[in-house]
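Engineer: Sharing protein-v5.cif (mmCIF, C-alpha atoms) below.
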```
data_query
#
loop_
_atom_site.label_atom_id
_atom_site.label_comp_id
_atom_site.auth_asym_id
_atom_site.auth_seq_id
_atom_site.Cartn_x
_atom_site.Cartn_y
_atom_site.Cartn_z
CA MET M 231 53.06 -19.84 59.04
CA ALA M 232 53.25 -16.67 57.00
CA TYR M 233 50.11 -14.75 56.18
CA THR M 234 49.31 -14.10 52.53
CA GLU M 235 49.17 -10.54 51.20
CA GLN M 236 45.38 -10.86 50.95
CA GLU M 237 45.09 -12.02 54.56
CA ILE M 238 47.25 -9.14 55.75
CA LEU M 239 45.20 -6.60 53.78
CA ALA M 240 41.95 -8.02 55.16
CA GLY M 241 43.30 -8.01 58.72
CA LEU M 242 44.68 -4.50 58.43
CA VAL M 243 41.43 -3.18 56.97
CA GLU M 244 39.61 -4.65 59.97
CA ILE M 245 42.02 -2.96 62.41
CA VAL M 246 41.81 0.42 60.65
CA SER M 247 38.05 0.23 60.41
CA GLU M 248 37.76 -0.61 64.11
CA GLU M 249 40.08 2.24 65.14
CA THR M 250 38.60 4.92 62.88
CA GLY M 251 34.97 3.88 62.61
CA LEU M 252 35.27 4.08 58.81
CA PRO M 253 33.42 1.41 56.79
CA ALA M 254 35.77 -1.41 55.78
CA ASP M 255 35.06 -0.92 52.07
CA SER M 256 36.50 2.59 52.25
CA VAL M 257 39.87 1.37 53.53
CA LEU M 258 41.58 0.59 50.23
CA PRO M 259 45.29 -0.16 49.55
CA GLU M 260 45.86 3.17 47.78
CA LYS M 261 44.39 5.22 50.65
CA SER M 262 46.74 7.48 52.56
CA PHE M 263 46.51 7.06 56.32
CA THR M 264 46.77 10.78 56.97
CA ASP M 265 45.26 12.48 53.92
CA ASP M 266 42.44 10.07 53.01
CA LEU M 267 41.63 8.29 56.26
CA ASP M 268 42.37 11.25 58.59
CA ILE M 269 44.41 9.06 60.96
CA ASP M 270 46.57 11.00 63.41
CA SER M 271 49.87 9.87 64.91
CA LEU M 272 48.32 8.31 68.01
CA SER M 273 45.71 6.36 66.06
CA MET M 274 48.54 5.24 63.77
CA MET M 275 50.47 3.86 66.75
CA THR M 276 47.34 2.00 67.84
CA ILE M 277 46.97 0.50 64.38
CA VAL M 278 50.66 -0.40 64.21
CA THR M 279 50.62 -2.11 67.59
CA LEU M 280 47.47 -4.09 66.82
CA ALA M 281 48.97 -5.12 63.47
CA GLU M 282 52.20 -6.22 65.19
CA GLU M 283 50.20 -8.46 67.49
CA LYS M 284 47.92 -9.82 64.82
CA PHE M 285 50.65 -10.68 62.31
CA ASP M 286 53.47 -11.37 64.78
CA VAL M 287 55.84 -8.85 63.19
CA ARG M 288 57.85 -5.91 64.49
CA ILE M 289 57.22 -2.50 62.92
CA PRO M 290 59.88 -0.11 64.30
CA ASP M 291 58.64 3.35 65.35
CA ASP M 292 61.10 4.92 62.89
CA GLU M 293 59.55 2.93 60.06
CA VAL M 294 56.00 4.10 60.73
CA LYS M 295 56.51 7.47 59.03
CA ASN M 296 57.39 5.64 55.80
CA LEU M 297 54.08 3.81 55.73
CA ALA M 298 52.05 6.41 53.83
CA THR M 299 49.30 4.19 52.48
CA VAL M 300 47.45 1.06 53.54
CA GLY M 301 49.28 -0.74 50.72
CA ASP M 302 52.66 0.42 52.07
CA ALA M 303 51.81 -1.13 55.44
CA VAL M 304 50.71 -4.38 53.83
CA SER M 305 53.96 -4.58 51.83
CA PHE M 306 56.04 -3.87 54.95
CA ILE M 307 54.27 -6.56 56.95
CA VAL M 308 54.64 -9.08 54.11
CA GLY M 309 58.39 -8.41 54.07
CA ALA M 310 58.73 -8.37 57.84
CA GLN M 311 57.32 -11.85 58.32
CA GLY M 312 60.03 -14.25 59.43
CA MET N 174 82.95 -14.28 123.74
CA THR N 175 79.83 -14.47 121.64
CA ARG N 176 78.69 -11.66 119.44
CA PRO N 177 75.28 -10.24 120.35
CA THR N 178 72.44 -10.97 117.96
CA LEU N 179 71.15 -7.78 116.42
CA THR N 180 67.57 -6.73 116.80
CA GLN N 181 65.86 -6.05 113.48
CA SER N 182 62.75 -3.96 113.13
CA SER N 183 59.36 -5.27 112.18
CA GLY N 184 56.07 -3.50 111.82
CA PRO N 185 52.34 -4.01 111.47
CA ALA N 186 51.04 -6.52 108.93
CA HIS N 187 48.86 -4.05 107.07
CA THR N 188 48.86 -0.45 105.90
CA ARG N 189 46.40 1.92 104.33
CA ILE N 190 46.02 5.51 103.15
CA LEU N 191 44.89 7.42 106.25
CA GLY N 192 44.26 10.76 104.58
CA LEU N 193 44.65 12.57 101.25
CA GLY N 194 44.87 16.16 100.10
CA GLY N 195 45.62 18.14 96.99
CA VAL N 196 46.38 21.63 95.75
CA ARG N 197 46.17 22.85 92.17
CA GLY N 198 47.92 25.86 90.68
CA GLU N 199 45.67 28.90 91.04
CA LEU N 200 45.72 29.91 87.36
CA VAL N 201 43.41 28.32 84.78
CA VAL N 202 45.28 28.28 81.46
CA THR N 203 43.21 27.64 78.33
CA ASN N 204 44.43 26.01 75.12
CA ASP N 205 43.93 29.29 73.28
CA GLU N 206 46.55 30.91 75.51
CA LEU N 207 49.19 28.40 74.37
CA VAL N 208 48.46 27.66 70.70
CA GLY N 209 50.14 30.68 69.13
CA PRO N 210 53.83 29.66 69.40
CA ILE N 211 53.10 26.02 68.46
CA ASP N 212 50.87 26.83 65.47
CA SER N 213 48.10 24.67 66.89
CA SER N 214 44.47 25.06 67.90
CA ASP N 215 42.14 24.45 70.81
CA GLU N 216 40.45 21.72 68.76
CA TRP N 217 43.75 19.95 67.95
CA ILE N 218 44.83 19.88 71.61
CA ARG N 219 41.42 18.63 72.78
CA GLN N 220 41.32 15.91 70.13
CA ARG N 221 44.88 14.68 70.73
CA THR N 222 45.00 14.98 74.51
CA GLY N 223 41.56 15.62 75.99
CA ILE N 224 42.92 18.72 77.72
CA ILE N 225 40.59 21.72 77.88
CA THR N 226 42.49 23.71 80.51
CA ARG N 227 45.52 23.11 82.70
CA ARG N 228 46.14 24.57 86.13
CA ARG N 229 49.35 26.49 86.67
CA ALA N 230 50.82 28.27 89.66
CA GLY N 231 51.74 31.94 89.71
CA ALA N 232 55.23 33.34 90.01
CA ASP N 233 54.99 33.68 93.78
CA THR N 234 54.18 29.99 94.32
CA ASP N 235 56.98 27.45 94.21
CA VAL N 236 56.86 23.68 94.26
CA LEU N 237 57.35 23.49 98.02
CA ASP N 238 54.42 25.86 98.56
CA LEU N 239 52.25 23.49 96.54
CA ALA N 240 53.66 20.49 98.43
CA GLU N 241 53.03 22.14 101.80
CA GLY N 242 49.41 22.89 100.95
CA ALA N 243 48.79 19.30 99.89
CA ALA N 244 50.65 17.90 102.92
CA ARG N 245 48.62 19.98 105.36
CA ALA N 246 45.38 18.93 103.68
CA ALA N 247 46.39 15.25 103.88
CA LEU N 248 47.28 15.58 107.56
CA ASP N 249 43.92 17.25 108.26
CA ASP N 250 42.10 14.51 106.39
CA ALA N 251 43.95 11.86 108.43
CA GLY N 252 43.30 13.71 111.70
CA LEU N 253 47.04 13.90 112.33
CA SER N 254 49.61 16.65 112.81
CA GLY N 255 53.14 17.02 111.53
CA ALA N 256 54.46 15.64 114.81
CA ASP N 257 52.80 12.29 114.03
CA ILE N 258 54.86 11.87 110.84
CA ASP N 259 58.19 10.10 110.99
CA ALA N 260 59.08 9.93 107.32
CA VAL N 261 58.48 12.38 104.46
CA ILE N 262 58.92 11.27 100.85
CA LEU N 263 58.66 14.00 98.24
CA SER N 264 58.44 13.00 94.60
CA THR N 265 59.22 15.84 92.23
CA VAL N 266 61.26 16.68 89.14
CA THR N 267 60.74 20.42 89.52
CA TYR N 268 62.51 21.27 92.76
CA PHE N 269 65.49 23.14 91.37
CA HIS N 270 68.03 22.51 94.08
CA GLN N 271 70.40 19.57 93.93
CA THR N 272 70.69 19.78 97.70
CA PRO N 273 69.36 19.91 100.35
CA SER N 274 66.25 17.93 99.57
CA GLY N 275 62.86 19.56 99.31
CA ALA N 276 61.50 16.92 101.65
CA ALA N 277 63.70 18.03 104.57
CA ILE N 278 62.55 21.64 104.21
CA LEU N 279 58.95 20.53 103.80
CA ALA N 280 59.16 18.33 106.91
CA ASP N 281 60.31 21.33 108.90
CA ARG N 282 57.57 23.57 107.50
CA ILE N 283 54.82 21.18 108.57
CA GLY N 284 56.29 20.49 112.00
CA ALA N 285 57.42 16.94 111.24
CA THR N 286 61.08 17.44 112.28
CA PRO N 287 62.97 15.16 112.97
CA ALA N 288 61.17 12.89 110.51
CA ALA N 289 63.34 11.10 107.97
CA ALA N 290 62.99 13.06 104.74
CA TYR N 291 64.12 12.53 101.18
CA ASP N 292 63.19 13.30 97.58
CA ILE N 293 62.66 10.72 94.88
CA SER N 294 63.02 11.21 91.14
CA ALA N 295 60.55 8.96 89.43
CA ALA N 296 58.71 11.57 87.34
CA CYS N 297 55.11 10.66 86.62
CA ALA N 298 55.47 7.34 88.46
CA GLY N 299 56.74 9.11 91.57
CA TYR N 300 53.52 9.03 93.57
CA CYS N 301 53.08 5.27 93.11
CA TYR N 302 56.80 4.76 93.82
CA GLY N 303 56.28 6.74 97.04
CA ILE N 304 53.25 4.69 98.04
CA GLY N 305 55.22 1.51 97.49
CA GLN N 306 58.07 2.78 99.64
CA ALA N 307 55.82 4.10 102.40
CA ASP N 308 53.92 0.82 102.56
CA ALA N 309 57.22 -1.08 102.87
CA LEU N 310 58.67 1.31 105.47
CA VAL N 311 55.64 1.02 107.73
CA ARG N 312 55.36 -2.76 107.46
CA ALA N 313 59.11 -3.09 108.08
CA GLY N 314 58.84 -0.99 111.22
CA ALA N 315 61.09 1.71 109.77
CA ALA N 316 58.39 4.36 110.19
CA HIS N 317 54.94 4.58 111.74
CA ASN N 318 53.23 7.25 109.65
CA VAL N 319 54.70 8.27 106.31
CA LEU N 320 53.78 11.37 104.33
CA VAL N 321 54.04 10.89 100.56
CA ILE N 322 53.80 13.95 98.35
CA GLY N 323 53.84 14.27 94.59
CA ALA N 324 54.45 17.93 93.82
CA GLU N 325 55.32 19.64 90.55
CA LYS N 326 55.57 23.10 89.12
CA MET N 327 55.92 21.77 85.59
CA SER N 328 55.36 25.27 84.18
CA GLU N 329 58.99 26.02 85.16
CA PHE N 330 60.06 23.27 82.78
CA VAL N 331 58.17 24.22 79.61
CA ASP N 332 59.18 25.70 76.29
CA PRO N 333 56.27 27.65 74.75
CA THR N 334 57.46 26.64 71.25
CA ASP N 335 57.68 22.92 72.04
CA ARG N 336 54.97 20.87 70.33
CA SER N 337 55.79 17.59 72.11
CA ILE N 338 54.83 17.97 75.77
CA SER N 339 54.93 21.52 77.15
CA PHE N 340 51.29 22.36 76.37
CA LEU N 341 50.13 19.31 78.36
CA LEU N 342 51.76 20.32 81.61
CA GLY N 343 50.21 21.74 84.76
CA ASP N 344 51.18 22.53 88.34
CA GLY N 345 49.92 21.00 91.56
CA ALA N 346 50.58 18.71 94.47
CA GLY N 347 48.86 15.74 96.02
CA ALA N 348 49.73 14.08 99.30
CA VAL N 349 48.75 11.09 101.40
CA VAL N 350 49.55 9.80 104.85
CA ILE N 351 50.29 6.07 104.95
CA GLY N 352 50.07 4.29 108.29
CA PRO N 353 49.17 1.04 110.04
CA SER N 354 45.83 -0.59 109.38
CA ASP N 355 43.80 -3.49 110.80
CA ILE N 356 42.96 -4.67 107.30
CA PRO N 357 45.02 -4.66 104.06
CA GLY N 358 44.71 -1.27 102.37
CA ILE N 359 47.61 -1.26 99.91
CA GLY N 360 48.22 -4.10 97.47
CA PRO N 361 51.70 -5.12 96.28
CA THR N 362 53.47 -2.52 94.17
CA ILE N 363 54.45 -3.68 90.69
CA TRP N 364 57.24 -1.36 89.65
CA GLY N 365 60.20 -1.12 87.33
CA SER N 366 62.24 0.89 84.88
CA ASP N 367 63.70 0.81 81.37
CA GLY N 368 66.62 3.20 81.06
CA SER N 369 67.25 2.10 77.48
CA GLN N 370 64.31 4.38 76.65
CA ALA N 371 65.62 7.35 78.66
CA HIS N 372 65.51 9.49 75.53
CA SER N 373 61.74 9.06 75.12
CA ILE N 374 60.91 11.69 77.76
CA ARG N 375 63.88 13.85 78.63
CA GLN N 376 65.33 17.11 79.77
CA THR N 377 66.78 18.83 76.68
CA HIS N 378 70.26 19.19 78.22
CA SER N 379 72.00 19.02 81.56
CA TRP N 380 72.73 21.83 84.02
CA LEU N 381 76.41 21.37 83.14
CA ASP N 382 75.64 22.01 79.45
CA MET N 383 73.80 25.13 80.52
CA ARG N 384 76.85 26.32 82.42
CA ASP N 385 79.59 25.17 80.03
CA SER N 386 78.11 25.64 76.56
CA GLY N 387 75.80 28.52 77.17
CA ALA N 388 72.74 26.43 76.42
CA GLY N 389 69.69 28.11 77.87
CA TRP N 390 67.31 26.88 80.52
CA PRO N 391 66.58 23.19 79.89
CA THR N 392 63.01 22.09 79.23
CA LEU N 393 61.16 18.83 78.63
CA ARG N 394 60.65 16.91 75.41
CA GLN N 395 58.94 13.64 74.62
CA GLU N 396 58.67 11.33 71.64
CA GLY N 397 54.89 11.38 71.77
CA PRO N 398 53.81 8.47 69.57
CA SER N 399 56.48 6.13 71.01
CA VAL N 400 55.52 7.06 74.56
CA TYR N 401 51.86 6.57 73.71
CA LYS N 402 52.56 3.10 72.37
CA TRP N 403 54.64 2.17 75.43
CA ALA N 404 52.15 3.63 77.88
CA VAL N 405 49.18 1.77 76.46
CA TRP N 406 50.61 -1.59 75.55
CA LYS N 407 53.33 -2.04 78.13
CA MET N 408 51.55 -0.41 81.05
CA ALA N 409 48.18 -2.17 80.79
CA PRO N 410 49.86 -5.52 81.63
CA ILE N 411 51.57 -3.85 84.62
CA ALA N 412 48.19 -2.67 85.90
CA GLN N 413 46.90 -6.20 85.29
CA GLN N 414 49.77 -7.61 87.36
CA ALA N 415 48.98 -5.18 90.18
CA MET N 416 45.41 -6.49 90.28
CA GLU N 417 46.56 -10.12 90.21
CA ALA N 418 49.13 -9.50 92.96
CA ALA N 419 46.42 -7.91 95.11
CA GLY N 420 44.09 -10.83 94.46
CA VAL N 421 41.43 -8.82 92.67
CA GLY N 422 40.04 -8.70 89.14
CA PRO N 423 38.63 -5.97 86.88
CA ASP N 424 35.14 -6.60 88.24
CA ASP N 425 36.30 -5.90 91.80
CA ILE N 426 37.78 -2.49 91.01
CA ASP N 427 35.61 0.54 91.81
CA VAL N 428 37.82 3.20 90.26
CA PHE N 429 40.73 3.38 87.81
CA ILE N 430 43.17 6.22 88.46
CA PRO N 431 45.97 6.19 85.88
CA HIS N 432 48.58 8.94 85.61
CA GLN N 433 46.84 11.80 83.83
CA ALA N 434 49.13 11.93 80.80
CA ASN N 435 46.68 12.01 77.93
CA MET N 436 42.98 11.13 77.63
CA ARG N 437 43.70 8.95 74.61
CA ILE N 438 46.10 6.84 76.67
CA ILE N 439 43.48 6.50 79.41
CA ASP N 440 40.82 5.40 76.91
CA GLN N 441 43.10 2.79 75.33
CA MET N 442 44.19 1.45 78.74
CA ILE N 443 40.55 0.91 79.70
CA LYS N 444 40.11 -1.15 76.52
CA GLN N 445 43.28 -3.15 77.11
CA LEU N 446 42.36 -3.86 80.74
CA LYS N 447 38.79 -4.77 79.80
CA LEU N 448 37.47 -2.72 82.69
CA PRO N 449 33.68 -2.90 82.97
CA ASP N 450 31.59 0.26 82.42
CA THR N 451 30.79 0.32 86.12
CA VAL N 452 34.39 1.30 86.95
CA VAL N 453 34.73 5.04 87.56
CA VAL N 454 37.65 6.46 85.57
CA ALA N 455 39.72 9.48 86.64
CA ARG N 456 39.70 12.10 83.90
CA ASP N 457 41.07 15.07 85.80
CA ILE N 458 43.50 15.77 82.94
CA ALA N 459 40.71 17.60 81.07
CA ASP N 460 40.81 20.49 83.54
CA THR N 461 44.10 20.13 85.42
CA GLY N 462 46.50 18.99 82.67
CA ASN N 463 49.42 16.63 83.22
CA THR N 464 50.91 17.41 86.63
CA SER N 465 53.43 14.52 86.61
CA ALA N 466 53.87 13.08 90.12
CA ALA N 467 50.85 15.02 91.39
CA SER N 468 48.36 13.78 88.82
CA ILE N 469 47.16 10.59 90.52
CA PRO N 470 46.59 12.04 94.02
CA LEU N 471 44.98 15.16 92.50
CA ALA N 472 42.64 13.03 90.40
CA THR N 473 41.84 10.96 93.50
CA GLU N 474 41.18 14.08 95.57
CA ARG N 475 38.73 15.32 92.97
CA LEU N 476 36.84 12.02 92.67
CA LEU N 477 36.39 11.92 96.45
CA ARG N 478 35.51 15.62 96.75
CA GLU N 479 32.91 15.43 93.98
CA GLY N 480 31.42 12.24 95.42
CA GLN N 481 32.16 10.16 92.31
CA VAL N 482 33.69 7.55 94.61
CA SER N 483 33.43 6.96 98.34
CA SER N 484 35.84 6.26 101.12
CA GLY N 485 36.66 2.55 101.10
CA ALA N 486 36.52 2.27 97.31
CA LEU N 487 39.02 -0.06 95.68
CA ALA N 488 41.26 1.92 93.32
CA LEU N 489 43.66 0.65 90.67
CA GLN N 490 46.37 3.29 90.19
CA ILE N 491 49.31 3.33 87.82
CA GLY N 492 52.03 5.90 87.23
CA PHE N 493 54.41 5.87 84.27
CA GLY N 494 56.82 8.34 82.78
CA ALA N 495 60.34 9.61 82.24
CA GLY N 496 63.00 7.02 82.99
CA LEU N 497 61.20 5.20 81.69
CA VAL N 498 59.72 4.17 85.04
CA TYR N 499 56.42 2.76 86.17
CA ALA N 500 54.59 1.60 89.30
CA ALA N 501 51.09 0.31 89.96
CA GLN N 502 49.11 -0.88 92.93
CA VAL N 503 45.56 -1.43 94.14
CA VAL N 504 44.65 0.71 97.16
CA VAL N 505 41.65 1.32 99.38
CA LEU N 506 40.72 5.01 99.22
CA PRO N 507 40.61 6.92 102.52
#
```
If you convert what's in this file into structure tokens, what do you get?

Structural biologist:
Amino acid sequence: MAYTEQEILAGLVEIVSEETGLPADSVLPEKSFTDDLDIDSLSMMTIVTLAEEKFDVRIPDDEVKNLATVGDAVSFIVGAQG
Amino acid sequence: MTRPTLTQSSGPAHTRILGLGGVRGELVVTNDELVGPIDSSDEWIRQRTGIITRRRAGADTDVLDLAEGAARAALDDAGLSGADIDAVILSTVTYFHQTPSGAAILADRIGATPAAAYDISAACAGYCYGIGQADALVRAGAAHNVLVIGAEKMSEFVDPTDRSISFLLGDGAGAVVIGPSDIPGIGPTIWGSDGSQAHSIRQTHSWLDMRDSGAGWPTLRQEGPSVYKWAVWKMAPIAQQAMEAAGVGPDDIDVFIPHQANMRIIDQMIKQLKLPDTVVVARDIADTGNTSAASIPLATERLLREGQVSSGALALQIGFGAGLVYAAQVVVLP
């Protein structure tokens, strides 16, 4: 069963918050992973892998650089669901 | 006329590590000494990798010198001499002769001739590959005491302008003697490879390219984030399998000694493996850097020398690296 966009956003916010220690209410769709949330490449791979497991999708390593914001990641995961 | 039935060898039921030794490069290289050409900073390297210094060997020390020092220390620790060794397995990617093997020369240097001797190329998994082979050789009756050495002079393989891996690398060697034991001292080795990911950690070009197209000295590169992802999420289950195969669980392990690739990888593996806080974790990378095949025995040597763990401790060790290749096992420390 596919997750809704809201469920994916909520799940991703939880993952990002857990990885970065940032409060969940600061992880908003328009936030940039690198510029706003100060997430480096290794933390990003952690987030990507946890998101892949949680939502049962595949996010190719080459695609990760295109996911600039939290909203970008949510949109990608929505589209990647089978 | 009937054909004779061949005799096949068999050996003792159990093996263990009889002795261990290590040698680090004599130079202490700080982050500040390396950051210029890669436009980086001490803080960036510490935050991304956990490395504060790495140990490197001087120009007069080659990889076999490092290997010999570690081998002699391991023999001393085991109370054996070179003459007691009947197989020498040298794991290295920085012995720059195609032939003869470094192991044969090393065997001669330490007085182990005519021991069987050969090199293996399994990069950062090489020490655990060697342990797996030595354990099998002894239990099969193919050798009585086997010397396994992981030795690297990675500083010969670095590009000062490379931002992917060069600044992580250090030089050193670690060695163990594996021999018969009354009780099980080496759990089953869980090992494997994935050559489809050969590009993830690679030599920039071949020796033939260097000769034929005038390319310079080859060096190492890695696709850092991809390797990080593989190391954490694919290797934690391998370490888990090694525990299950040995019949132990996370609560039974005294010490976790992963390949010292990156502190962030180590921290994530601990989380994935759900190791309790009571487990001592090897973090030698902070001072020694990533010494490839030498990193696990060097980290072990330090934990024992500093008294962080004792002889008889149960250690979960896992090596992983260029190939991609990996190997893990649970061992009793000497």

Engineer: Applied to the shown file, which residues does the PyMOL selection byres ((chain N and resi 298) around 8) return, written as a VMD selection string?

Structural biologist: chain N and resid 295 to 297 299 to 302 432 465 to 466 491 to 494 498 to 500

Engineer: Care to translate the PyMOL selection byres ((chain M and resi 240) around 12) into actual residues of this file, as number ranges by chain?

Structural biologist: M: 233-239, 241-247, 254-255, 257-259, 281, 284-285, 300-301, 304

Engineer: Using only C-alpha atoms, tabulate the residues of chain M lying at most 10 Å from any atom of chain N, each with its closest atom pair and that distance in Å to one decimal, by chain and increasing residue number, as JSON lines.

Structural biologist:
```
{"residue": "M:Asp270", "atom": "CA", "partner": "N:Arg221", "partner_atom": "CA", "distance": 8.4}
{"residue": "M:Ser271", "atom": "CA", "partner": "N:Pro398", "partner_atom": "CA", "distance": 6.3}
{"residue": "M:Leu272", "atom": "CA", "partner": "N:Pro398", "partner_atom": "CA", "distance": 5.7}
{"residue": "M:Ser273", "atom": "CA", "partner": "N:Pro398", "partner_atom": "CA", "distance": 9.1}
{"residue": "M:Met274", "atom": "CA", "partner": "N:Pro398", "partner_atom": "CA", "distance": 8.5}
{"residue": "M:Met275", "atom": "CA", "partner": "N:Lys402", "partner_atom": "CA", "distance": 6.0}
{"residue": "M:Thr276", "atom": "CA", "partner": "N:Lys402", "partner_atom": "CA", "distance": 7.0}
{"residue": "M:Val278", "atom": "CA", "partner": "N:Lys402", "partner_atom": "CA", "distance": 9.1}
{"residue": "M:Thr279", "atom": "CA", "partner": "N:Lys402", "partner_atom": "CA", "distance": 7.3}
{"residue": "M:Leu280", "atom": "CA", "partner": "N:Trp406", "partner_atom": "CA", "distance": 9.6}
{"residue": "M:Pro290", "atom": "CA", "partner": "N:Ser399", "partner_atom": "CA", "distance": 9.8}
{"residue": "M:Asp291", "atom": "CA", "partner": "N:Ser399", "partner_atom": "CA", "distance": 6.7}
{"residue": "M:Asp292", "atom": "CA", "partner": "N:Ser399", "partner_atom": "CA", "distance": 9.4}
```

Engineer: Figure out the distance between atom CA of N:Gly184 and atom CA of N:Asp355, please, to one decimal in Å.

Structural biologist: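 Distance between the two atoms: 12.3 Å.
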
Engineer: Distance atom CA of N:Gln306-atom CA of N:His372, one decimal place?

Structural biologist: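 Here the two named atoms are 26.1 Å from each other.
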
Engineer: Check what the PyMOL selection byres ((chain N and resi 445-447) around 9) selects in the file above and give those residues as a ChimeraX atom specification.

Structural biologist: /N:405-406,409-410,412-413,423,440-444,448-449

Engineer: Restricting it to C-alpha atoms, dump the selection as a PDB file, keeping the file's coordinate frame.

Structural biologist:
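Wrote out23.pdb, looks like this:
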```pdb
ATOM      1  CA  VAL N 405      49.180   1.770  76.460  1.00  0.00           C
ATOM      2  CA  TRP N 406      50.610  -1.590  75.550  1.00  0.00           C
ATOM      3  CA  ALA N 409      48.180  -2.170  80.790  1.00  0.00           C
ATOM      4  CA  PRO N 410      49.860  -5.520  81.630  1.00  0.00           C
ATOM      5  CA  ALA N 412      48.190  -2.670  85.900  1.00  0.00           C
ATOM      6  CA  GLN N 413      46.900  -6.200  85.290  1.00  0.00           C
ATOM      7  CA  PRO N 423      38.630  -5.970  86.880  1.00  0.00           C
ATOM      8  CA  ASP N 440      40.820   5.400  76.910  1.00  0.00           C
ATOM      9  CA  GLN N 441      43.100   2.790  75.330  1.00  0.00           C
ATOM     10  CA  MET N 442      44.190   1.450  78.740  1.00  0.00           C
ATOM     11  CA  ILE N 443      40.550   0.910  79.700  1.00  0.00           C
ATOM     12  CA  LYS N 444      40.110  -1.150  76.520  1.00  0.00           C
ATOM     13  CA  LEU N 448      37.470  -2.720  82.690  1.00  0.00           C
ATOM     14  CA  PRO N 449      33.680  -2.900  82.970  1.00  0.00           C
TER      15      PRO N 449
END
```

Engineer: Could you tell me which of M:Ala310, M:Leu267, M:Asp302, M:Ser256 comes closest to M:Arg288 if we count all atoms listed in the file?

Structural biologist: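 That would be M:Ala310, the residue with the smallest distance to M:Arg288.
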
Engineer: Rank N:Pro177, N:Gly305, N:Gly343, N:Gly194 by their smallest atom-to-atom distance to N:Arg228, using all atoms listed in the file, and report the top residue only.

Structural biologist: N:Gly343

Engineer: One decimal, in Å: what's the spacing between atom CA of N:Leu253 and atom CA of N:Ala288?

Structural biologist: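 These atoms are spaced 14.3 Å apart.
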
Engineer: Give me the residues near N:Gly358 as a ChimeraX atom specification, where near means some atom within 6 Å (using all atoms listed in the file) and where sequence neighbours in that chain fewer than 2 positions away do not count.

Structural biologist: /N:188-189,504-505

Engineer: Deliver the residues from the most recent selection as a file, using C-alpha atoms, as a short mmCIF file (atom, residue, chain, number, x, y, z; two decimals), in the frame of the given file.

Structural biologist:
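The result, written out as out34.cif:
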```cif
data_model
loop_
_atom_site.label_atom_id
_atom_site.label_comp_id
_atom_site.auth_asym_id
_atom_site.auth_seq_id
_atom_site.Cartn_x
_atom_site.Cartn_y
_atom_site.Cartn_z
CA THR N 188 48.86 -0.45 105.90
CA ARG N 189 46.40 1.92 104.33
CA VAL N 504 44.65 0.71 97.16
CA VAL N 505 41.65 1.32 99.38
#
```

Engineer: Could you pull stretch 239-260 of chain M out of the structure just shown and give C-alpha atoms as a PDB file, in the first residue's frame?

Structural biologist:
```pdb
ATOM      1  CA  LEU M 239       6.729  13.971   4.939  1.00  0.00           C
ATOM      2  CA  ALA M 240       6.013  13.009   8.545  1.00  0.00           C
ATOM      3  CA  GLY M 241       8.240   9.928   8.308  1.00  0.00           C
ATOM      4  CA  LEU M 242      11.060  11.815   6.637  1.00  0.00           C
ATOM      5  CA  VAL M 243      10.906  14.612   9.210  1.00  0.00           C
ATOM      6  CA  GLU M 244      11.255  11.982  11.928  1.00  0.00           C
ATOM      7  CA  ILE M 245      14.308  10.443  10.227  1.00  0.00           C
ATOM      8  CA  VAL M 246      15.991  13.817   9.645  1.00  0.00           C
ATOM      9  CA  SER M 247      15.266  14.950  13.179  1.00  0.00           C
ATOM     10  CA  GLU M 248      16.702  11.722  14.606  1.00  0.00           C
ATOM     11  CA  GLU M 249      19.866  11.964  12.480  1.00  0.00           C
ATOM     12  CA  THR M 250      20.542  15.668  13.019  1.00  0.00           C
ATOM     13  CA  GLY M 251      19.132  16.280  16.482  1.00  0.00           C
ATOM     14  CA  LEU M 252      17.124  19.198  15.062  1.00  0.00           C
ATOM     15  CA  PRO M 253      13.589  19.693  16.437  1.00  0.00           C
ATOM     16  CA  ALA M 254      10.997  18.148  14.110  1.00  0.00           C
ATOM     17  CA  ASP M 255       9.157  21.455  13.666  1.00  0.00           C
ATOM     18  CA  SER M 256      12.254  22.970  12.075  1.00  0.00           C
ATOM     19  CA  VAL M 257      12.394  20.332   9.330  1.00  0.00           C
ATOM     20  CA  LEU M 258      10.046  21.902   6.793  1.00  0.00           C
ATOM     21  CA  PRO M 259       9.476  20.941   3.121  1.00  0.00           C
ATOM     22  CA  GLU M 260      11.201  24.070   1.800  1.00  0.00           C
TER      23      GLU M 260
END
```
